[in-house]
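Peer 1: Here it is, the structure in full.
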Amino acid sequence: MYTALVAKFLFPLHESLKQHSSVKCHKQLEQSQWLNPEQIQQLQLANLRAFLTRIGTQVPWYRELFKRLNFNPEKLRSINDLQYLPLMDKALIRNQQNQLVAEDAGPLARFNTGGSSGEPLQFLVGKARKSHDIAAKWRATRWWNVDIGDPELVVWGSPVELGSQDRMRVWRDWLFRSHLLPAFEMSEANVERYVNTIRRIRPRMLFGYPSALALIAGYAERKGIALDQLGIKVIFVTSERLYDNQKRVIERVFGAPTANGYGGRDAGFIAHQCPSGGMHISAEDMVVEIVDADGKPLPVGERGEVVVTHMATHEFPFVRYRTGDLARLSPGACPCGRGLPLLESIEGRTTDFLMARDGTVLHALSLIYILRDLDAVREFRIVQESLDEIRLQLVTSSDYSATVEETIIEGVRQRLGDVQVIIERLEELPRERSGKFRYVSSKLTANWSEDASAKPHEASRETVN
């Protein structure tokens, strides 16, 4: 009864006070998911046409681009016509940020990202974008027979979430029965406390990084602590690859299935897994293309880079935005009966753990957030050579200075202890054969998992929130 009170009254009131349209969006998404694929494609095309028409009028950069290309969005015939527009990357957003703000934009919030790519980015988000992402996540949550208001425990590491524990946030979490645990420091003492918190709260759902949840599950299993009779119905994992060994231990210890979420703070809520196993794209709001190395769209079933167009971003558009992830579009249909298109074989970016000198296991994001919020750092790579030495490879801007370097070193030592911090300033970061690069690497973690060479479980990347 309390869950129903939250989902039907308290949360809608909360969203109304924030001037979000998420409740209305959610009702529409609950209905549209059952359209057949052809109907969803028609709806998607209509939404895309309206979105491009609006930004072509209100957004200076796209107004000039459409004029230069003689591109008329009102004459859009199919989703494939998107390929006439250039791809968007983080460099474009940084260089043209002011020109990407719509002239009719309302209040915009500034967000940071770059944890998974090692290339920091600041961008702007309006209320429409927030509302649609909330609605898409809400719909996906309900697929697993849980709802807003059910007891939830979140293991997370973003400063946006962890830094906003003011009185209003505390009251909101209390009303909605959501409990937040920091994923930065996974020492044995903290993991023990987290296990005790889970037993006390008895959540209906868990949400967090698969690596952090696997550590908690592994600790409970080693200590013989039963967590599979608490009433947990689902474990939502996001922001990292879910490895098969992690999936096994999480599901075994908590006695519930894992559900993958795919998206990012920048790209938005892209896709989520349903109980039948399908990774459904939120196609009403999102166009997902798979492109080759030259940016050309690939046929369904072929692997390439994921490029997204978020159609609720008219105030600060994301059009054909390169995620850096590799995936395939699935030609099949999901047994669940939803007409939403499917992603498969998503190769997300792995976030490793690091180890402090005293043996404390730290989430790599604890260092990533030091670097990604510095304007002087364009790209970075973190390599932990040993307990005593960490190497930071940086591509820097002209703003880089001795003061910035001291800030970085101090921040690293606050987290890892009195270690040697080697900073290498490079023109370009070394890439792997795939063209991507591993932004965090610890030479201490090879034997931490029960199978360090485990094949990544299909479907995951960064989430959001």
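Numbering starts fresh at 1 for the residues of each chain in the structure tokens, the chains themselves are lettered A, B, ... in the order given, and ligands are numbered from 1 as they appear.
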Which residues come within 12 Å of A:Gln58, counting only C-alpha atoms, excluding same-chain residues fewer than 5 positions away, as a PyMOL selection string?

Peer 2: chain A and resi 51-53+63-64+66+99-105+314-317

Peer 1: How about saving the chosen residues, C-alpha atoms kept, as an mmCIF file, in the first residue's frame?

Peer 2:
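Output below, filename part.cif:
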data_model
loop_
_atom_site.group_PDB
_atom_site.id
_atom_site.type_symbol
_atom_site.label_atom_id
_atom_site.label_comp_id
_atom_site.auth_asym_id
_atom_site.auth_seq_id
_atom_site.Cartn_x
_atom_site.Cartn_y
_atom_site.Cartn_z
ATOM 1 C CA PHE A 51 12.645 17.377 -32.854
ATOM 2 C CA LEU A 52 14.873 18.274 -35.813
ATOM 3 C CA THR A 53 12.419 20.908 -37.014
ATOM 4 C CA ARG A 63 20.071 26.411 -37.820
ATOM 5 C CA GLU A 64 23.321 27.296 -39.581
ATOM 6 C CA PHE A 66 20.782 22.841 -41.835
ATOM 7 C CA GLN A 99 25.767 27.866 -29.943
ATOM 8 C CA LEU A 100 24.090 24.591 -28.937
ATOM 9 C CA VAL A 101 21.745 26.253 -26.426
ATOM 10 C CA ALA A 102 18.243 26.771 -27.833
ATOM 11 C CA GLU A 103 16.939 30.325 -27.900
ATOM 12 C CA ASP A 104 13.699 29.145 -26.292
ATOM 13 C CA ALA A 105 15.457 27.059 -23.620
ATOM 14 C CA HIS A 314 15.723 20.196 -27.914
ATOM 15 C CA GLU A 315 17.106 22.743 -25.400
ATOM 16 C CA PHE A 316 20.672 21.414 -25.750
ATOM 17 C CA PRO A 317 20.629 18.838 -28.560
#

Peer 1: Which residues of stretch 191-302 of chain A have any atom within 8 Å of an atom in stretch 22-46 of chain A when counting only C-alpha atoms, and what is the closest pair of atoms for each, with the distance in Å to one decimal? Order the rows by chain and rising number and write it as CSV.

Peer 2:
residue,atom,partner,partner_atom,distance
A:Ala283,CA,A:Gln44,CA,6.4
A:Glu284,CA,A:Gln44,CA,5.3
A:Asp285,CA,A:Gln44,CA,7.3
A:Met286,CA,A:Gln44,CA,7.9
A:Val287,CA,A:Gln44,CA,7.7

Peer 1: Can you measure atom CA of A:Leu371 to atom CA of A:Thr403 for me? One decimal in Å is fine.

Peer 2: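 That distance, rounded to one decimal, is 13.6 Å.
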
Peer 1: Which of stretch 218-257 of chain A counts as alpha helix (DSSP H) under DSSP, as a PyMOL selection string please?

Peer 2: chain A and resi 218-223+244-254

Peer 1: Find the spatial neighbours of A:Val6, counting only C-alpha atoms, within a cut-off of 10 Å - ignore same-chain residues fewer than 3 positions away - and output them as a PDB file with C-alpha atoms, in the first residue's frame.

Peer 2:
ATOM      1  CA  MET A   1       0.000   0.000   0.000  1.00  0.00           C
ATOM      2  CA  TYR A   2       2.827   2.404   0.786  1.00  0.00           C
ATOM      3  CA  THR A   3       4.467   1.709  -2.584  1.00  0.00           C
ATOM      4  CA  PHE A   9       0.682  10.355  -5.327  1.00  0.00           C
ATOM      5  CA  LEU A  10       3.947  11.342  -3.615  1.00  0.00           C
ATOM      6  CA  PHE A  11       6.283  10.879  -6.592  1.00  0.00           C
ATOM      7  CA  PRO A  12       3.909  12.581  -9.084  1.00  0.00           C
ATOM      8  CA  LEU A  13       3.610  15.489  -6.620  1.00  0.00           C
ATOM      9  CA  HIS A  14       7.406  15.628  -6.322  1.00  0.00           C
ATOM     10  CA  ASP A 147       8.011   0.313  -8.496  1.00  0.00           C
ATOM     11  CA  ILE A 148       9.014   3.688  -7.112  1.00  0.00           C
ATOM     12  CA  GLY A 149       8.371   3.474  -3.386  1.00  0.00           C
ATOM     13  CA  ASP A 150       9.557  -0.112  -3.001  1.00  0.00           C
ATOM     14  CA  LEU A 175       9.697   9.114   1.735  1.00  0.00           C
ATOM     15  CA  PHE A 176      10.622   7.058  -1.319  1.00  0.00           C
ATOM     16  CA  ARG A 177      12.467   4.401   0.742  1.00  0.00           C
TER      17      ARG A 177
END

Peer 1: Compare A:Asp399, A:Glu74, A:Asp81, A:Glu289 by their minimum atom-to-atom distance to A:Ile270, counting only C-alpha atoms, and give me the closest one.

Peer 2: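 Once distances to A:Ile270 are computed over only C-alpha atoms, the minimum belongs to A:Glu289.
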
Peer 1: I'd like to know which of A:Ile281, A:Leu387, A:Thr407, A:Ala271 is closest to A:Val361, using only C-alpha atoms.

Peer 2: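 Ranked by minimum distance to A:Val361, first place goes to A:Leu387.
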
Peer 1: Could you give me, as JSON lines, every stretch 67-107 of chain A residue with an atom at most 12 Å from stretch 378-383 of chain A, plus its closest atom pair and distance in Å to one decimal, counting only C-alpha atoms, rows ordered by chain then number?

Peer 2:
{"residue": "A:Lys90", "atom": "CA", "partner": "A:Arg378", "partner_atom": "CA", "distance": 10.3}
{"residue": "A:Ala91", "atom": "CA", "partner": "A:Arg378", "partner_atom": "CA", "distance": 9.6}
{"residue": "A:Arg94", "atom": "CA", "partner": "A:Arg378", "partner_atom": "CA", "distance": 10.5}

Peer 1: Excluding A:Ile232 and residues on its chain fewer than 2 positions from it, collect all residues at most 10 Å away from it, counting only C-alpha atoms, and give them as a VMD selection string.

Peer 2: chain A and resid 146 151 to 152 198 202 to 206 227 to 230 234 to 235 254 to 257

Peer 1: Just N, CA and C atoms for this one: save the residues we selected as an mmCIF file, in the first residue's frame.

Peer 2:
data_model
loop_
_atom_site.group_PDB
_atom_site.id
_atom_site.type_symbol
_atom_site.label_atom_id
_atom_site.label_comp_id
_atom_site.auth_asym_id
_atom_site.auth_seq_id
_atom_site.Cartn_x
_atom_site.Cartn_y
_atom_site.Cartn_z
ATOM 1 N N VAL A 146 8.635 -4.256 -9.716
ATOM 2 C CA VAL A 146 8.967 -3.341 -8.628
ATOM 3 C C VAL A 146 8.614 -1.935 -9.091
ATOM 4 N N PRO A 151 11.256 -0.483 -1.258
ATOM 5 C CA PRO A 151 12.565 -0.264 -0.650
ATOM 6 C C PRO A 151 13.692 -0.541 -1.643
ATOM 7 N N GLU A 152 14.584 0.414 -1.774
ATOM 8 C CA GLU A 152 15.659 0.344 -2.768
ATOM 9 C C GLU A 152 16.985 0.680 -2.100
ATOM 10 N N ILE A 198 22.025 -3.974 4.146
ATOM 11 C CA ILE A 198 21.120 -4.712 3.263
ATOM 12 C C ILE A 198 20.216 -5.637 4.077
ATOM 13 N N ARG A 202 16.240 -4.780 4.016
ATOM 14 C CA ARG A 202 15.503 -5.778 3.234
ATOM 15 C C ARG A 202 14.909 -5.135 1.967
ATOM 16 N N PRO A 203 15.770 -4.625 1.090
ATOM 17 C CA PRO A 203 15.262 -3.939 -0.111
ATOM 18 C C PRO A 203 14.584 -4.898 -1.076
ATOM 19 N N ARG A 204 13.661 -4.348 -1.851
ATOM 20 C CA ARG A 204 13.039 -5.125 -2.925
ATOM 21 C C ARG A 204 13.909 -5.108 -4.171
ATOM 22 N N MET A 205 14.765 -4.072 -4.282
ATOM 23 C CA MET A 205 15.634 -3.978 -5.454
ATOM 24 C C MET A 205 16.968 -3.353 -5.049
ATOM 25 N N LEU A 206 18.034 -3.806 -5.719
ATOM 26 C CA LEU A 206 19.353 -3.228 -5.596
ATOM 27 C C LEU A 206 19.688 -2.534 -6.901
ATOM 28 N N LEU A 227 21.871 -13.840 2.159
ATOM 29 C CA LEU A 227 21.165 -12.645 1.681
ATOM 30 C C LEU A 227 20.085 -12.999 0.663
ATOM 31 N N ASP A 228 19.828 -14.296 0.485
ATOM 32 C CA ASP A 228 18.903 -14.713 -0.569
ATOM 33 C C ASP A 228 17.475 -14.908 -0.077
ATOM 34 N N GLN A 229 17.208 -14.569 1.192
ATOM 35 C CA GLN A 229 15.848 -14.700 1.719
ATOM 36 C C GLN A 229 15.302 -13.363 2.205
ATOM 37 N N LEU A 230 15.825 -12.270 1.641
ATOM 38 C CA LEU A 230 15.430 -10.938 2.100
ATOM 39 C C LEU A 230 14.269 -10.353 1.306
ATOM 40 N N VAL A 234 15.103 -8.025 -7.801
ATOM 41 C CA VAL A 234 15.914 -7.751 -8.981
ATOM 42 C C VAL A 234 17.119 -6.916 -8.569
ATOM 43 N N ILE A 235 18.225 -7.099 -9.289
ATOM 44 C CA ILE A 235 19.419 -6.279 -9.096
ATOM 45 C C ILE A 235 19.706 -5.555 -10.400
ATOM 46 N N PHE A 254 22.338 -13.053 -3.730
ATOM 47 C CA PHE A 254 21.133 -12.270 -3.448
ATOM 48 C C PHE A 254 19.847 -13.006 -3.818
ATOM 49 N N GLY A 255 19.984 -14.117 -4.548
ATOM 50 C CA GLY A 255 18.807 -14.907 -4.885
ATOM 51 C C GLY A 255 17.831 -14.194 -5.788
ATOM 52 N N ALA A 256 18.355 -13.373 -6.706
ATOM 53 C CA ALA A 256 17.496 -12.599 -7.609
ATOM 54 C C ALA A 256 18.229 -12.394 -8.932
ATOM 55 N N PRO A 257 17.505 -12.149 -10.012
ATOM 56 C CA PRO A 257 18.140 -11.937 -11.312
ATOM 57 C C PRO A 257 18.759 -10.547 -11.426
#
